[in-house]
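**Q** Please find upload.cif (mmCIF, C-alpha atoms) on the next line:
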data_protein
#
loop_
_atom_site.label_atom_id
_atom_site.label_comp_id
_atom_site.auth_asym_id
_atom_site.auth_seq_id
_atom_site.Cartn_x
_atom_site.Cartn_y
_atom_site.Cartn_z
CA MET A 1 17.20 18.05 -5.81
CA VAL A 2 20.71 16.87 -5.05
CA VAL A 3 22.13 13.32 -5.01
CA GLN A 4 25.77 12.70 -4.18
CA ILE A 5 28.02 9.69 -3.64
CA ARG A 6 31.05 10.50 -1.48
CA ASN A 7 34.33 8.66 -1.07
CA GLU A 8 35.42 10.74 1.92
CA PRO A 9 33.87 11.49 5.33
CA PHE A 10 31.31 14.29 5.24
CA ASP A 11 29.84 16.57 7.90
CA ALA A 12 26.14 15.77 7.62
CA TYR A 13 24.70 18.80 9.44
CA ALA A 14 27.06 21.22 7.71
CA GLU A 15 25.87 19.77 4.38
CA VAL A 16 22.24 20.36 5.34
CA GLN A 17 23.04 23.97 6.23
CA ILE A 18 24.95 24.55 2.97
CA MET A 19 22.10 23.21 0.86
CA GLN A 20 19.53 25.13 2.91
CA ASP A 21 21.42 28.40 2.43
CA SER A 22 21.41 27.77 -1.33
CA LEU A 23 17.65 27.21 -1.63
CA GLU A 24 15.95 29.86 -3.72
CA GLN A 25 12.77 29.67 -1.71
CA GLN A 26 14.04 31.28 1.51
CA GLY A 27 11.12 31.99 3.84
CA LYS A 28 8.97 29.35 2.09
CA PHE A 29 9.98 26.21 3.97
CA GLY A 30 8.48 25.76 7.42
CA ALA A 31 9.57 22.16 7.92
CA THR A 32 12.85 20.33 7.43
CA SER A 33 13.19 16.63 8.13
CA VAL A 34 16.72 15.23 8.31
CA PHE A 35 17.84 11.65 8.72
CA VAL A 36 21.46 10.64 9.30
CA GLY A 37 22.62 7.03 9.33
CA THR A 38 25.85 6.58 11.27
CA MET A 39 28.21 3.64 11.40
CA ARG A 40 27.93 1.78 14.71
CA ASP A 41 30.78 -0.12 16.36
CA PHE A 42 28.76 -3.31 16.74
CA ASN A 43 26.20 -5.27 14.74
CA GLU A 44 24.42 -8.56 15.42
CA ASP A 45 26.21 -8.88 18.78
CA GLU A 46 29.68 -8.51 17.28
CA SER A 47 32.13 -5.66 17.55
CA VAL A 48 32.76 -4.09 14.13
CA GLN A 49 36.13 -2.43 13.49
CA SER A 50 35.35 -0.77 10.17
CA MET A 51 33.34 -1.31 7.02
CA PHE A 52 33.76 -1.24 3.28
CA LEU A 53 30.81 0.11 1.31
CA GLU A 54 30.68 -1.07 -2.30
CA HIS A 55 28.26 0.39 -4.83
CA TYR A 56 27.26 0.14 -8.48
CA PRO A 57 28.57 3.40 -9.95
CA GLY A 58 25.99 4.96 -12.22
CA MET A 59 23.05 2.86 -11.06
CA THR A 60 23.17 4.25 -7.51
CA GLU A 61 22.99 7.84 -8.75
CA LYS A 62 20.26 6.92 -11.26
CA TYR A 63 18.18 5.12 -8.66
CA LEU A 64 18.56 7.84 -5.99
CA THR A 65 17.60 10.48 -8.57
CA GLN A 66 14.51 8.48 -9.52
CA ILE A 67 13.29 8.17 -5.93
CA SER A 68 13.99 11.89 -5.35
CA GLN A 69 11.81 12.72 -8.36
CA GLN A 70 9.15 10.32 -7.13
CA ALA A 71 9.15 11.97 -3.69
CA LYS A 72 8.62 15.33 -5.34
CA GLN A 73 5.66 13.92 -7.25
CA ASN A 74 4.14 12.22 -4.21
CA TRP A 75 4.39 15.10 -1.69
CA PRO A 76 4.38 18.92 -1.81
CA ILE A 77 8.07 19.29 -1.00
CA ILE A 78 10.40 22.14 -1.94
CA ASP A 79 13.68 20.27 -2.27
CA SER A 80 15.62 17.20 -1.15
CA LEU A 81 19.22 16.16 -0.54
CA ILE A 82 20.71 12.66 -0.45
CA ILE A 83 24.38 12.03 0.31
CA HIS A 84 25.73 8.47 0.65
CA ARG A 85 29.25 7.38 1.59
CA VAL A 86 31.13 4.60 -0.19
CA GLY A 87 34.57 3.06 0.40
CA GLN A 88 36.28 2.52 3.73
CA ILE A 89 34.17 3.73 6.68
CA GLU A 90 34.98 3.99 10.39
CA PRO A 91 32.58 3.81 13.38
CA GLY A 92 30.99 7.20 13.99
CA ASP A 93 31.19 8.19 10.31
CA SER A 94 28.01 9.33 8.61
CA ILE A 95 26.90 6.73 6.05
CA VAL A 96 23.78 8.38 4.67
CA LEU A 97 22.08 11.76 4.88
CA VAL A 98 18.54 12.45 3.67
CA ALA A 99 17.08 15.95 4.07
CA VAL A 100 13.71 17.22 2.85
CA TRP A 101 12.39 20.79 2.90
CA ALA A 102 8.65 21.50 2.72
CA ALA A 103 6.12 24.14 3.73
CA HIS A 104 4.54 21.81 6.30
CA ARG A 105 5.75 18.96 8.46
CA ALA A 106 3.70 16.01 7.18
CA ALA A 107 5.24 16.21 3.69
CA ALA A 108 8.75 16.66 5.07
CA TYR A 109 8.47 13.65 7.41
CA ASP A 110 6.71 11.39 4.93
CA ALA A 111 8.98 12.14 1.99
CA ASN A 112 12.09 11.72 4.13
CA ARG A 113 11.00 8.33 5.35
CA TYR A 114 9.95 7.26 1.87
CA LEU A 115 13.41 8.14 0.55
CA MET A 116 15.16 6.21 3.33
CA GLU A 117 12.96 3.12 2.92
CA GLU A 118 13.42 3.11 -0.86
CA LEU A 119 17.16 3.67 -0.47
CA LYS A 120 17.49 0.86 2.07
CA SER A 121 15.44 -1.62 0.07
CA ARG A 122 16.66 -0.98 -3.49
CA ALA A 123 19.70 1.31 -3.85
CA PRO A 124 22.69 -0.80 -5.01
CA PHE A 125 25.06 -0.50 -2.04
CA TRP A 126 26.63 -3.40 -0.13
CA LYS A 127 28.34 -3.39 3.26
CA LYS A 128 31.25 -5.61 4.21
CA GLU A 129 32.14 -5.49 7.90
CA GLN A 130 35.62 -5.94 9.30
CA LEU A 131 35.35 -7.86 12.58
CA ASN A 132 38.02 -8.77 15.11
CA ASP A 133 38.48 -12.15 13.47
CA GLY A 134 37.76 -11.62 9.78
CA GLN A 135 35.17 -9.97 7.61
CA ARG A 136 31.60 -10.61 6.51
CA TRP A 137 29.10 -9.23 4.03
CA VAL A 138 25.97 -7.84 5.63
CA GLU A 139 23.29 -10.10 4.20
CA LYS A 140 20.21 -7.94 4.27
CA ASN A 141 18.76 -4.74 5.61
CA THR A 142 16.02 -4.67 8.20
CA PRO A 143 12.66 -3.78 6.62
CA SER A 144 12.00 -0.72 8.77
CA MET B 1 17.38 14.13 27.43
CA VAL B 2 17.53 17.88 26.94
CA VAL B 3 14.68 20.42 26.79
CA GLN B 4 15.41 24.10 26.31
CA ILE B 5 13.40 27.28 25.79
CA ARG B 6 15.41 29.98 24.01
CA ASN B 7 14.85 33.73 23.80
CA GLU B 8 17.47 34.25 21.10
CA PRO B 9 17.99 32.78 17.61
CA PHE B 10 19.76 29.41 17.65
CA ASP B 11 21.67 27.45 15.01
CA ALA B 12 19.64 24.23 14.84
CA TYR B 13 22.18 21.99 13.11
CA ALA B 14 25.06 23.23 15.25
CA GLU B 15 22.96 22.38 18.32
CA VAL B 16 22.39 18.84 17.04
CA GLN B 17 26.12 18.42 16.51
CA ILE B 18 26.98 19.76 19.98
CA MET B 19 24.54 17.40 21.67
CA GLN B 20 25.70 14.48 19.52
CA ASP B 21 29.33 15.10 20.42
CA SER B 22 28.36 15.04 24.11
CA LEU B 23 26.53 11.69 23.98
CA GLU B 24 28.25 9.04 26.06
CA GLN B 25 27.21 6.27 23.73
CA GLN B 26 29.46 7.13 20.78
CA GLY B 27 29.39 4.32 18.23
CA LYS B 28 26.01 3.09 19.55
CA PHE B 29 23.59 5.26 17.56
CA GLY B 30 23.03 4.27 13.95
CA ALA B 31 20.08 6.56 13.30
CA THR B 32 19.42 10.23 14.00
CA SER B 33 16.14 11.88 13.08
CA VAL B 34 16.04 15.67 13.15
CA PHE B 35 13.10 17.98 12.60
CA VAL B 36 13.43 21.76 12.33
CA GLY B 37 10.44 24.09 12.16
CA THR B 38 11.32 27.41 10.54
CA MET B 39 9.36 30.65 10.45
CA ARG B 40 7.87 31.23 6.99
CA ASP B 41 7.23 34.68 5.51
CA PHE B 42 3.59 33.91 4.70
CA ASN B 43 0.67 32.05 6.30
CA GLU B 44 -2.93 31.57 5.21
CA ASP B 45 -2.29 33.60 2.04
CA GLU B 46 -0.92 36.60 3.89
CA SER B 47 2.60 37.94 4.08
CA VAL B 48 3.94 37.76 7.64
CA GLN B 49 6.57 40.27 8.76
CA SER B 50 7.51 38.74 12.08
CA MET B 51 6.00 36.81 14.95
CA PHE B 52 5.82 36.91 18.71
CA LEU B 53 5.88 33.56 20.46
CA GLU B 54 4.35 33.57 23.93
CA HIS B 55 4.65 30.63 26.32
CA TYR B 56 3.69 29.54 29.82
CA PRO B 57 7.03 29.53 31.65
CA GLY B 58 7.40 26.41 33.74
CA MET B 59 4.55 24.47 32.14
CA THR B 60 6.26 24.35 28.73
CA GLU B 61 9.46 22.86 30.20
CA LYS B 62 7.43 20.46 32.35
CA TYR B 63 5.31 19.29 29.42
CA LEU B 64 8.26 18.91 27.02
CA THR B 65 10.14 16.92 29.65
CA GLN B 66 7.12 14.66 30.14
CA ILE B 67 6.79 13.85 26.43
CA SER B 68 10.57 13.28 26.19
CA GLN B 69 10.32 10.74 29.02
CA GLN B 70 7.30 9.16 27.36
CA ALA B 71 9.19 8.84 24.04
CA LYS B 72 12.00 7.07 25.87
CA GLN B 73 9.48 4.65 27.36
CA ASN B 74 7.71 4.03 24.07
CA TRP B 75 10.73 3.47 21.80
CA PRO B 76 14.29 2.12 22.18
CA ILE B 77 15.97 5.50 21.79
CA ILE B 78 19.32 6.62 23.16
CA ASP B 79 18.64 10.32 23.69
CA SER B 80 16.53 13.28 22.57
CA LEU B 81 16.82 17.04 22.27
CA ILE B 82 14.06 19.65 22.08
CA ILE B 83 14.78 23.37 21.64
CA HIS B 84 11.94 25.87 21.20
CA ARG B 85 12.20 29.60 20.55
CA VAL B 86 10.05 32.20 22.29
CA GLY B 87 9.83 35.98 21.97
CA GLN B 88 10.24 38.02 18.80
CA ILE B 89 10.96 35.84 15.75
CA GLU B 90 11.87 36.78 12.17
CA PRO B 91 11.20 34.81 8.95
CA GLY B 92 13.90 32.20 8.43
CA ASP B 93 14.53 31.78 12.17
CA SER B 94 14.33 28.29 13.60
CA ILE B 95 11.27 27.96 15.85
CA VAL B 96 11.61 24.37 17.01
CA LEU B 97 14.23 21.63 16.86
CA VAL B 98 13.57 18.00 17.75
CA ALA B 99 16.39 15.45 17.44
CA VAL B 100 16.32 11.78 18.40
CA TRP B 101 19.22 9.31 18.47
CA ALA B 102 18.62 5.55 18.32
CA ALA B 103 20.34 2.34 17.25
CA HIS B 104 17.89 1.86 14.37
CA ARG B 105 15.86 4.13 12.14
CA ALA B 106 12.27 3.13 12.99
CA ALA B 107 12.61 4.24 16.62
CA ALA B 108 14.35 7.49 15.63
CA TYR B 109 11.69 8.42 13.08
CA ASP B 110 8.72 7.36 15.19
CA ALA B 111 9.89 9.02 18.40
CA ASN B 112 10.76 12.24 16.57
CA ARG B 113 7.34 12.48 15.00
CA TYR B 114 5.64 11.61 18.27
CA LEU B 115 7.49 14.46 20.00
CA MET B 116 6.54 16.96 17.28
CA GLU B 117 2.87 15.92 17.24
CA GLU B 118 2.63 16.09 21.03
CA LEU B 119 4.45 19.43 21.08
CA LYS B 120 2.17 20.88 18.39
CA SER B 121 -1.03 19.67 19.99
CA ARG B 122 -0.40 20.34 23.70
CA ALA B 123 2.73 22.38 24.53
CA PRO B 124 1.64 25.82 25.83
CA PHE B 125 3.01 28.15 23.15
CA TRP B 126 1.04 30.75 21.20
CA LYS B 127 1.98 32.59 18.02
CA LYS B 128 0.99 36.16 17.22
CA GLU B 129 1.76 37.20 13.65
CA GLN B 130 2.67 40.73 12.59
CA LEU B 131 1.12 41.35 9.17
CA ASN B 132 1.42 44.36 6.87
CA ASP B 133 -1.77 45.81 8.31
CA GLY B 134 -1.89 44.71 11.93
CA GLN B 135 -1.44 41.57 13.94
CA ARG B 136 -3.34 38.37 14.61
CA TRP B 137 -3.16 35.37 16.92
CA VAL B 138 -2.75 32.07 15.10
CA GLU B 139 -5.93 30.24 16.11
CA LYS B 140 -4.92 26.61 15.86
CA ASN B 141 -2.28 24.24 14.62
CA THR B 142 -2.88 21.83 11.78
CA PRO B 143 -3.33 18.28 13.07
CA SER B 144 -0.47 16.73 11.10
CA MET C 1 -8.32 29.54 50.30
CA SER C 2 -6.00 31.44 47.98
CA ILE C 3 -5.67 30.62 44.28
CA GLN C 4 -3.30 32.15 41.75
CA VAL C 5 -4.98 32.50 38.33
CA LYS C 6 -3.15 33.10 35.02
CA PHE C 7 -4.39 33.88 31.53
CA PHE C 8 -2.40 33.57 28.32
CA ALA C 9 -2.30 34.80 24.73
CA SER C 10 -5.55 35.98 23.08
CA LEU C 11 -7.49 35.19 26.26
CA ARG C 12 -5.21 37.42 28.33
CA GLU C 13 -5.75 40.24 25.82
CA GLN C 14 -9.53 39.81 25.66
CA LEU C 15 -9.99 39.70 29.41
CA GLN C 16 -7.22 42.21 30.02
CA ILE C 17 -6.06 40.06 32.91
CA ASP C 18 -2.56 38.64 33.08
CA GLU C 19 -2.57 37.19 36.57
CA ILE C 20 -4.86 37.53 39.55
CA GLN C 21 -5.05 36.09 43.04
CA ILE C 22 -8.49 35.10 44.28
CA GLN C 23 -9.72 34.15 47.72
CA ALA C 24 -12.51 31.64 48.34
CA ASP C 25 -14.18 30.45 51.53
CA GLN C 26 -14.61 26.86 50.42
CA ALA C 27 -13.11 24.32 48.02
CA GLY C 28 -14.38 24.58 44.47
CA THR C 29 -13.74 23.61 40.85
CA VAL C 30 -11.76 25.13 37.98
CA MET C 31 -15.11 26.35 36.59
CA GLN C 32 -15.78 28.28 39.81
CA VAL C 33 -12.29 29.78 39.66
CA TRP C 34 -13.04 30.97 36.10
CA GLN C 35 -16.31 32.55 37.20
CA GLN C 36 -14.80 34.32 40.17
CA ALA C 37 -11.70 35.51 38.28
CA THR C 38 -13.59 36.77 35.19
CA ASN C 39 -16.82 37.98 36.81
CA SER C 40 -18.65 35.06 35.18
CA GLN C 41 -17.78 35.80 31.59
CA ALA C 42 -18.86 33.21 29.02
CA ILE C 43 -16.48 30.28 28.71
CA PRO C 44 -14.79 30.34 25.28
CA ALA C 45 -15.03 27.34 22.99
CA ASN C 46 -11.83 25.27 23.17
CA LEU C 47 -10.76 26.78 26.49
CA LEU C 48 -7.79 24.91 27.97
CA CYS C 49 -7.17 24.72 31.73
CA ALA C 50 -4.24 23.65 33.87
CA ILE C 51 -3.70 23.26 37.59
CA ASN C 52 -0.08 23.54 38.74
CA MET C 53 1.02 23.24 35.10
CA GLU C 54 -0.88 20.02 34.35
CA TYR C 55 -3.89 19.91 32.03
CA VAL C 56 -7.23 19.41 33.80
CA GLY C 57 -10.93 19.68 32.96
CA LEU C 58 -13.32 22.39 34.17
CA GLU C 59 -14.78 20.12 36.83
CA HIS C 60 -11.43 19.41 38.46
CA ALA C 61 -11.18 20.32 42.16
CA VAL C 62 -8.99 23.22 43.25
CA VAL C 63 -7.24 23.37 46.60
CA ASP C 64 -5.56 26.14 48.57
CA GLY C 65 -2.33 27.34 46.97
CA ASP C 66 -3.08 25.99 43.49
CA GLU C 67 -2.00 27.84 40.38
CA VAL C 68 -4.83 27.71 37.83
CA ALA C 69 -4.21 28.73 34.20
CA PHE C 70 -6.62 29.39 31.35
CA PHE C 71 -5.56 29.61 27.70
CA PRO C 72 -6.68 29.18 24.09
CA PRO C 73 -5.62 26.29 21.79
CA VAL C 74 -1.83 26.10 21.57
CA THR C 75 0.05 27.03 18.39
CA GLY C 76 3.71 26.24 18.99
CA GLY C 77 6.18 24.29 16.88
CA MET D 1 25.30 -9.56 -30.04
CA SER D 2 27.63 -8.23 -27.36
CA ILE D 3 26.59 -7.94 -23.70
CA GLN D 4 28.56 -6.43 -20.82
CA VAL D 5 27.97 -8.36 -17.60
CA LYS D 6 28.81 -7.11 -14.10
CA PHE D 7 28.77 -8.80 -10.70
CA PHE D 8 28.84 -7.06 -7.32
CA ALA D 9 29.66 -7.66 -3.67
CA SER D 10 29.50 -11.22 -2.29
CA LEU D 11 28.43 -12.55 -5.70
CA ARG D 12 31.49 -11.01 -7.35
CA GLU D 13 33.68 -12.67 -4.72
CA GLN D 14 31.99 -16.07 -4.96
CA LEU D 15 32.13 -16.20 -8.76
CA GLN D 16 35.46 -14.41 -8.89
CA ILE D 17 34.15 -12.38 -11.80
CA ASP D 18 34.01 -8.61 -11.71
CA GLU D 19 33.00 -7.84 -15.27
CA ILE D 20 32.86 -9.92 -18.45
CA GLN D 21 31.78 -9.31 -22.02
CA ILE D 22 29.83 -12.11 -23.65
CA GLN D 23 28.86 -12.67 -27.28
CA ALA D 24 25.63 -14.34 -28.32
CA ASP D 25 24.27 -15.29 -31.74
CA GLN D 26 20.67 -14.53 -30.95
CA ALA D 27 18.54 -12.44 -28.60
CA GLY D 28 18.02 -13.99 -25.19
CA THR D 29 16.96 -13.32 -21.62
CA VAL D 30 18.75 -12.20 -18.47
CA MET D 31 18.62 -15.83 -17.34
CA GLN D 32 20.52 -16.90 -20.47
CA VAL D 33 23.10 -14.18 -19.86
CA TRP D 34 23.59 -15.53 -16.33
CA GLN D 35 24.09 -19.07 -17.65
CA GLN D 36 26.56 -18.03 -20.30
CA ALA D 37 28.52 -15.70 -18.03
CA THR D 38 28.75 -18.12 -15.07
CA ASN D 39 28.95 -21.46 -16.94
CA SER D 40 25.45 -22.26 -15.71
CA GLN D 41 26.08 -21.95 -12.01
CA ALA D 42 23.03 -22.26 -9.74
CA ILE D 43 21.06 -19.05 -9.40
CA PRO D 44 21.33 -17.75 -5.83
CA ALA D 45 18.20 -17.10 -3.80
CA ASN D 46 17.36 -13.38 -3.76
CA LEU D 47 19.47 -12.67 -6.86
CA LEU D 48 18.87 -9.15 -8.15
CA CYS D 49 19.27 -8.22 -11.83
CA ALA D 50 19.50 -4.95 -13.72
CA ILE D 51 19.69 -4.04 -17.40
CA ASN D 52 21.28 -0.69 -18.13
CA MET D 53 21.01 0.20 -14.44
CA GLU D 54 17.26 -0.53 -14.13
CA TYR D 55 15.92 -3.47 -12.12
CA VAL D 56 14.49 -6.30 -14.28
CA GLY D 57 13.43 -9.91 -13.76
CA LEU D 58 15.29 -12.98 -15.03
CA GLU D 59 12.92 -13.39 -17.98
CA HIS D 60 13.56 -9.88 -19.31
CA ALA D 61 14.87 -9.71 -22.90
CA VAL D 62 18.42 -8.56 -23.53
CA VAL D 63 19.51 -6.73 -26.68
CA ASP D 64 22.86 -5.96 -28.26
CA GLY D 65 24.91 -3.48 -26.27
CA ASP D 66 23.06 -3.97 -22.99
CA GLU D 67 24.82 -3.83 -19.65
CA VAL D 68 23.50 -6.61 -17.43
CA ALA D 69 24.28 -6.65 -13.71
CA PHE D 70 23.80 -9.34 -11.07
CA PHE D 71 24.01 -8.69 -7.34
CA PRO D 72 22.85 -9.86 -3.90
CA PRO D 73 20.28 -8.05 -1.71
CA VAL D 74 21.36 -4.45 -1.11
CA THR D 75 22.52 -3.26 2.30
CA GLY D 76 23.08 0.48 2.00
CA GLY D 77 21.85 3.30 4.22
#
The structure in this file should be written as structure tokens.
**A**
Amino acid sequence: MVVQIRNEPFDAYAEVQIMQDSLEQQGKFGATSVFVGTMRDFNEDESVQSMFLEHYPGMTEKYLTQISQQAKQNWPIIDSLIIHRVGQIEPGDSIVLVAVWAAHRAAAYDANRYLMEELKSRAPFWKKEQLNDGQRWVEKNTPS
Amino acid sequence: MVVQIRNEPFDAYAEVQIMQDSLEQQGKFGATSVFVGTMRDFNEDESVQSMFLEHYPGMTEKYLTQISQQAKQNWPIIDSLIIHRVGQIEPGDSIVLVAVWAAHRAAAYDANRYLMEELKSRAPFWKKEQLNDGQRWVEKNTPS
Amino acid sequence: MSIQVKFFASLREQLQIDEIQIQADQAGTVMQVWQQATNSQAIPANLLCAINMEYVGLEHAVVDGDEVAFFPPVTGG
Amino acid sequence: MSIQVKFFASLREQLQIDEIQIQADQAGTVMQVWQQATNSQAIPANLLCAINMEYVGLEHAVVDGDEVAFFPPVTGG
């Protein structure tokens, strides 16, 4: 179970491969579900130049660890990985990566989506978008 | 929309990255959902040495293309990728990769799972497992 | 009327037929193709059928030049 | 009683307070911490509160040494 906050761009699929290669239970996982959230260059009909992602150091890690533990209690999963960017972010950069390894697909899919929904609704991160003519805080996340 | 049948091992996450880099709509996808099915070294309480994956050439590609088109009709997705192995497969090899790119996460998750469920229930592939003491056809897939 | 018939996986092994071409004097159904191609062997539970690579039922009509396939439940993914 | 109070994101900008330490004579609630730290500014709709990095409600009790945080709805992921 790995949770990381990153200040620099990261290569999401390379990270999945690195963690997968390090799993002790090689040959035991039949299903891997991966979600990657990527910064878009527009939002709510406006072009977005870049973004600053603020977080609450300490609480983010604590919260993401708690939901990772909860996922492991709720579903028969083997392991999970969450990486989340903070700081200055450019369009095309990965913002969030969630990966879940399990023997079978239902647990992998369900736990992955649970982690993303919990992260989106409660993890203390805040986005501020730089537009052509100023900046704005994103006010709320969409519920699904 | 890409559908491929492969006779040789493939690097699932590298394939996702290659397809992603080739998408015309850079900066437009905010959500990528990836599922990878991997060969396990046991099944139904028995150790499995390797596996042979038979398919119906022509019908598999046709069927996978149909469900990819259906996914694009059902959800606001940007693109999708399906790669499926056939032939002789070893534990740890990727069997199937499904990736879906969308603006938002609900469409990416839902379309990905739809593709996997349709693939599992109807795509003409058949697995024959090599055990320690002989071989056996896998009789049916689990429904979820 | 000429029909190409294919069998896959465990069904191919049981029947020991990979592919066979059958001739018929008149139009028929997938069921009749099965009977002619297998010498009327019992139809397995959960048998799946396709004409020209599209799923069909046993009562579906077959026409000259069709490719008919029979196979067990699929186990890909 | 000494309480560390933190504000994040748009709330931090509006109040122009990043972090402040407040002293209180007696035990109180998160609501009272808000009032003391902000000079009783109106409580924003959808305000979120945490004590020691765990979500709590405004009526939750605060004890000496607690870290209390206030922030707007989260927008990560």
**Q** Neighbours of Tyr13 (chain A) within 8 Å (only C-alpha atoms; same-chain residues fewer than 6 positions away dropped), as a short mmCIF file (atom, residue, chain, number, x, y, z; two decimals) with C-alpha atoms, in the frame of the given file?
**A**
data_model
loop_
_atom_site.label_atom_id
_atom_site.label_comp_id
_atom_site.auth_asym_id
_atom_site.auth_seq_id
_atom_site.Cartn_x
_atom_site.Cartn_y
_atom_site.Cartn_z
CA TYR B 13 22.18 21.99 13.11
CA ALA B 14 25.06 23.23 15.25
CA VAL B 16 22.39 18.84 17.04
CA GLN B 17 26.12 18.42 16.51
#
**Q** Name the residues that the PyMOL selection byres ((chain A and resi 59) around 10) pulls out of this structure, and write them as a list in words.
**A**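 After applying the PyMOL selection byres ((chain A and resi 59) around 10), what remains is His55, Tyr56, Pro57, Gly58, Thr60, Glu61, Lys62, Tyr63, Leu64, Thr65, Ala123, Pro124 and Phe125 of chain A; Ala50, Ile51, Asn52, Met53, Glu54, Tyr55 and Ala69 of chain D.
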**Q** For Ile67 (chain B), list every protein, DNA or RNA residue within 9 Å, evaluated using all atoms listed in the file, and leave out those in the same chain fewer than 6 positions away; present the list as a list in words.
**A** Tyr114, Leu115, Glu118 and Leu119 of chain B
**Q** For Phe7 (chain C), which residue among C:Val56, C:Asn39, C:Gly28, C:Trp34 is the nearest when counting all atoms listed in the file?
**A** C:Trp34
**Q** For chain B against chain C, which residues fall within 7 Å using all atoms listed in the file, given as a VMD selection string?
**A** chain B and resid 37 54 59 95 to 96 119 to 127 137 to 141
**Q** Which of these residues is nearest to Glu90 (chain B), using all atoms listed in the file: B:Thr32, B:Ser22, B:Gln49, B:Asn7?
**A** B:Gln49
**Q** Going by the chain IDs and residue numbers used in this file, which residues fall under the PyMOL selection byres ((chain D and resi 43) around 12)? Write them as a short mmCIF file (atom, residue, chain, number, x, y, z; two decimals) with C-alpha atoms, keeping the file's coordinate frame.
**A**
data_model
loop_
_atom_site.label_atom_id
_atom_site.label_comp_id
_atom_site.auth_asym_id
_atom_site.auth_seq_id
_atom_site.Cartn_x
_atom_site.Cartn_y
_atom_site.Cartn_z
CA LEU D 11 28.43 -12.55 -5.70
CA LEU D 15 32.13 -16.20 -8.76
CA VAL D 30 18.75 -12.20 -18.47
CA MET D 31 18.62 -15.83 -17.34
CA GLN D 32 20.52 -16.90 -20.47
CA VAL D 33 23.10 -14.18 -19.86
CA TRP D 34 23.59 -15.53 -16.33
CA GLN D 35 24.09 -19.07 -17.65
CA ALA D 37 28.52 -15.70 -18.03
CA THR D 38 28.75 -18.12 -15.07
CA ASN D 39 28.95 -21.46 -16.94
CA SER D 40 25.45 -22.26 -15.71
CA GLN D 41 26.08 -21.95 -12.01
CA ALA D 42 23.03 -22.26 -9.74
CA PRO D 44 21.33 -17.75 -5.83
CA ALA D 45 18.20 -17.10 -3.80
CA ASN D 46 17.36 -13.38 -3.76
CA LEU D 47 19.47 -12.67 -6.86
CA LEU D 48 18.87 -9.15 -8.15
CA CYS D 49 19.27 -8.22 -11.83
CA LEU D 58 15.29 -12.98 -15.03
CA PHE D 70 23.80 -9.34 -11.07
CA PHE D 71 24.01 -8.69 -7.34
CA PRO D 72 22.85 -9.86 -3.90
#
**Q** CA of Val100 (chain B) and CA of Ser144 (chain A), how far apart in Å?
**A**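 Taking CA of Ser144 (chain A) as the start and CA of Val100 (chain B) as the end point, the length is 16.4 Å.
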**Q** What is the CA of Ala99 (chain B)-CA of Glu117 (chain A) distance in Å, reported with one decimal?
**A**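 If I compute the distance from CA of Ala99 (chain B) to CA of Glu117 (chain A), I get 19.4 Å.
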**Q** So how many Å separate CA of Asp18 (chain D) and CA of Gln36 (chain D), to one decimal?
**A** 14.8 Å
**Q** For this structure, which residues satisfy the selection - the PyMOL selection byres ((chain A) within 6 of (chain B)) - when it is evaluated on the file as given? I want them as a compact mmCIF listing (two decimals) with C-alpha atoms, in the coordinates of the input.
**A**
# COMPACT_ATOMS: atom_id res chain seq x y z
CA TYR A 13 24.70 18.80 9.44
CA GLY A 27 11.12 31.99 3.84
CA LYS A 28 8.97 29.35 2.09
CA GLY A 30 8.48 25.76 7.42
CA ALA A 31 9.57 22.16 7.92
CA THR A 32 12.85 20.33 7.43
CA SER A 33 13.19 16.63 8.13
CA VAL A 34 16.72 15.23 8.31
CA PHE A 35 17.84 11.65 8.72
CA VAL A 36 21.46 10.64 9.30
CA GLY A 37 22.62 7.03 9.33
CA THR A 38 25.85 6.58 11.27
CA MET A 39 28.21 3.64 11.40
CA ARG A 40 27.93 1.78 14.71
CA ASP A 41 30.78 -0.12 16.36
CA PRO A 91 32.58 3.81 13.38
CA GLY A 92 30.99 7.20 13.99
CA ALA A 106 3.70 16.01 7.18
CA SER A 144 12.00 -0.72 8.77
**Q** Go through A:Ala71, A:Pro76, A:Arg136, A:Gln130 one by one, measure the shortest atom-to-atom distance of each to Ser47 (chain A) using all atoms listed in the file, and give the residue with the smallest value.
**A**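 For Ser47 (chain A), the nearest of the given residues is A:Gln130.
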**Q** Excluding Gln21 (chain D) and its own-chain neighbours fewer than 4 positions away, which residues fall within 8 Å of it when counting only C-alpha atoms? Please give them as a VMD selection string.
**A** chain D and resid 2 to 5
**Q** Using all atoms listed in the file, determine which residues lie at most 10 Å from Gln26 (chain D), disregarding the query and same-chain residues fewer than 4 positions distant; provide the list as a JSON list (two decimals) with C-alpha atoms, in the frame of the given file.
**A**
[["chain", "number", "residue", "atom", "x", "y", "z"],
["D", 1, "MET", "CA", 25.30, -9.56, -30.04],
["D", 62, "VAL", "CA", 18.42, -8.56, -23.53],
["D", 63, "VAL", "CA", 19.51, -6.73, -26.68],
["D", 64, "ASP", "CA", 22.86, -5.96, -28.26]]
**Q** Would you kindly return, as a ChimeraX atom specification, each protein, DNA or RNA residue with an atom no farther than 8 Å from any atom of Gln88 (chain A), considering only C-alpha atoms and excluding same-chain residues fewer than 4 positions away?
**A** /A:50-53
